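Reviewing the structure listed below.
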Amino acid sequence: MTKTGSKGGNLRDKLDGNELDLSLSDLNEVPVKELAALPKATVLDLSCNKLSTLPSDFCSLTHLVKLDLSQNKLQQLPADFGRLVNLQHLDLLNNRLATLPASFAQLKSLKWLDLKDNPLDPVLAKVAGDCLDEKQCKQCANKVLQHMKAVQADQERERQRRLEVEREAEKKREAKQRAKEAQDRELRKREKAEEKERRRKEYDSLKASKREQEKKPKKEANQAQKSKSGSRPRKPPPRKQARSWAVLKLLLPLLLLFIGGGLVACRLTALQQQPLCASVNTIYDNAVQGLRRHEILRWVLQADSQQ
């Protein structure tokens with residue numbers, strides 16, 4: 001019978017005290033739910049069936065004390081097989097097991113074990129030895145438990161080593177990340193400083209250019225003023241002007257005296273008949289006629305004539 005459900009209904013009928021015999025039932029699956037409902041069945045016989053695997057929830061049957069899985073096709077046991085902490089007697093004869101799970105070391109109550117006729121790993125096979133009588137099967141249980149404890153310890157050390165390696169790798173990654181972040185911050189800081197310096201230089205350059213533009217019109221105005229002033233006749237230095245004016249003031253009376261003397265000579269002496277005096281007298285008469293047109297000058301001339 002291959003359907004475990006068909007057996008589920010009559011499992012209680014097969015229960016004899018604390019023993020449940022499901023051997024030779026043509027099972028390819030273990031009726032775990034039905035077995036869990038029978039906690040009194042501490043002795044379970046599943047031998048001579050077609051079981052190739054055990055489900056993980058099989059390890060929840062912690063009430064089992066004696067378990068017979070011989071004459072099946074089991075290639076491996078569940079990883080948490082060690083949860084069956086009450087197991088004292090285990091028969092795995094004639095299966096296809098090569099190794100045992102590390103949790104097997106937790107079966108501290110195990111007193112009897114048979115691993116014959118399994119393609120065991122050479123190291124495990126040597127440790128297990130034969131199980132031809134009660135004494136050998138008890139020794140097999142003890143030796144295999146000790147071996148599996150060592151295997152479990154090695155696996156734990158390896159796990160710790162891997163964890164340590166992973167932690168170190170994580171620390172290195174974190175340190176590398178921190179270094180990269182610090183480098184990025186320094187780079188941003190340097191770029192910011194360079195950008196600030198560039199903007200400052202641009203500001204200084206713009207300011208200098210603005211000052212230069214402001215100076216340029218003034219310079220051009222000064223140049224224009226200089227060029228304009230250069231086109232005019234240069235004024236004599238103030239000192240030279242003062243000298244010339246002083247000389248002029250000295251010569252002017254002499255000049256007036258000379259002119260007046262010449263005029264008197266031309267009007268009152270015999271020289272008035274000379275051509276030069278005739279011209280002088282004519283200029284004088286014309287000038288007097290022009291001046292008499294003004295009342296003030298006329299008055300001055302009248303006063304002068306009365307004298």
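Ligands are numbered from 1 in the order shown, chains are lettered A, B, ... in the order of the structure tokens, and residues start at 1 in each chain.
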
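Summary of the local environment: counting only C-alpha atoms, residues at most 10 Å from Ala37 in chain A, other than itself and those fewer than 5 positions away along its chain, are Leu11, Arg12, Val32 and Leu61 of chain A.
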
Between A:Leu38, A:Ala224, A:Leu132, A:Ala79, which has the minimum distance to Ser103 in chain A (counting only C-alpha atoms)?
A:Ala79

Between A:Ala105, A:Leu93, A:Arg161, A:Asn28, single out the one closest to Asp130 in chain A, counting only C-alpha atoms.
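Of the candidates, the smallest distance to Asp130 in chain A is held by A:Leu93.
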
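Residues surrounding range 47-55 of chain A within 6 Å are Ser23, Leu24, Asp26, Leu27, Asn28, Asp45, Asp57, Phe58, Asp68, Leu69, Ser70, Gln71, Asn72, Lys73 and Leu74 of chain A [only C-alpha atoms; sequence separation below 2 positions excluded].
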
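Secondary structure of range 19-58 of chain A, strand (DSSP E) only (DSSP, backbone atoms): Glu19, Leu20, Asp21, Val43, Leu44 and Asp45 of chain A.
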
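Between CA of Ala150 in chain A and CA of Leu124 in chain A lies a distance of 11.8 Å.
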
Separation of CA of Ala128 in chain A from CA of Lys149 in chain A in Å:
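CA of Ala128 in chain A lies at a distance of 13.8 Å from CA of Lys149 in chain A.
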
For the atom pair CA of Leu206 in chain A and CA of Lys189 in chain A, what is the interatomic distance in Å to one decimal place?
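Separation of CA of Leu206 in chain A and CA of Lys189 in chain A: 25.3 Å.
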
Nearest residue to Ser56 in chain A out of A:Gln76, A:Gln88, A:Thr42, A:Asn286, using only C-alpha atoms?
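That would be A:Gln76, the residue with the smallest distance to Ser56 in chain A.
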
Selection near Val151 in chain A, 12 Å with only C-alpha atoms, sequence-local residues under 4 positions removed, as a list in words:
Thr99, Leu100, Pro101, Ala102, Ser103, Phe104, Ala105, Gln106, Val123, Leu124, Val144, Leu145, Gln146, His147, Gln155, Glu156, Arg157, Glu158 and Arg159 of chain A
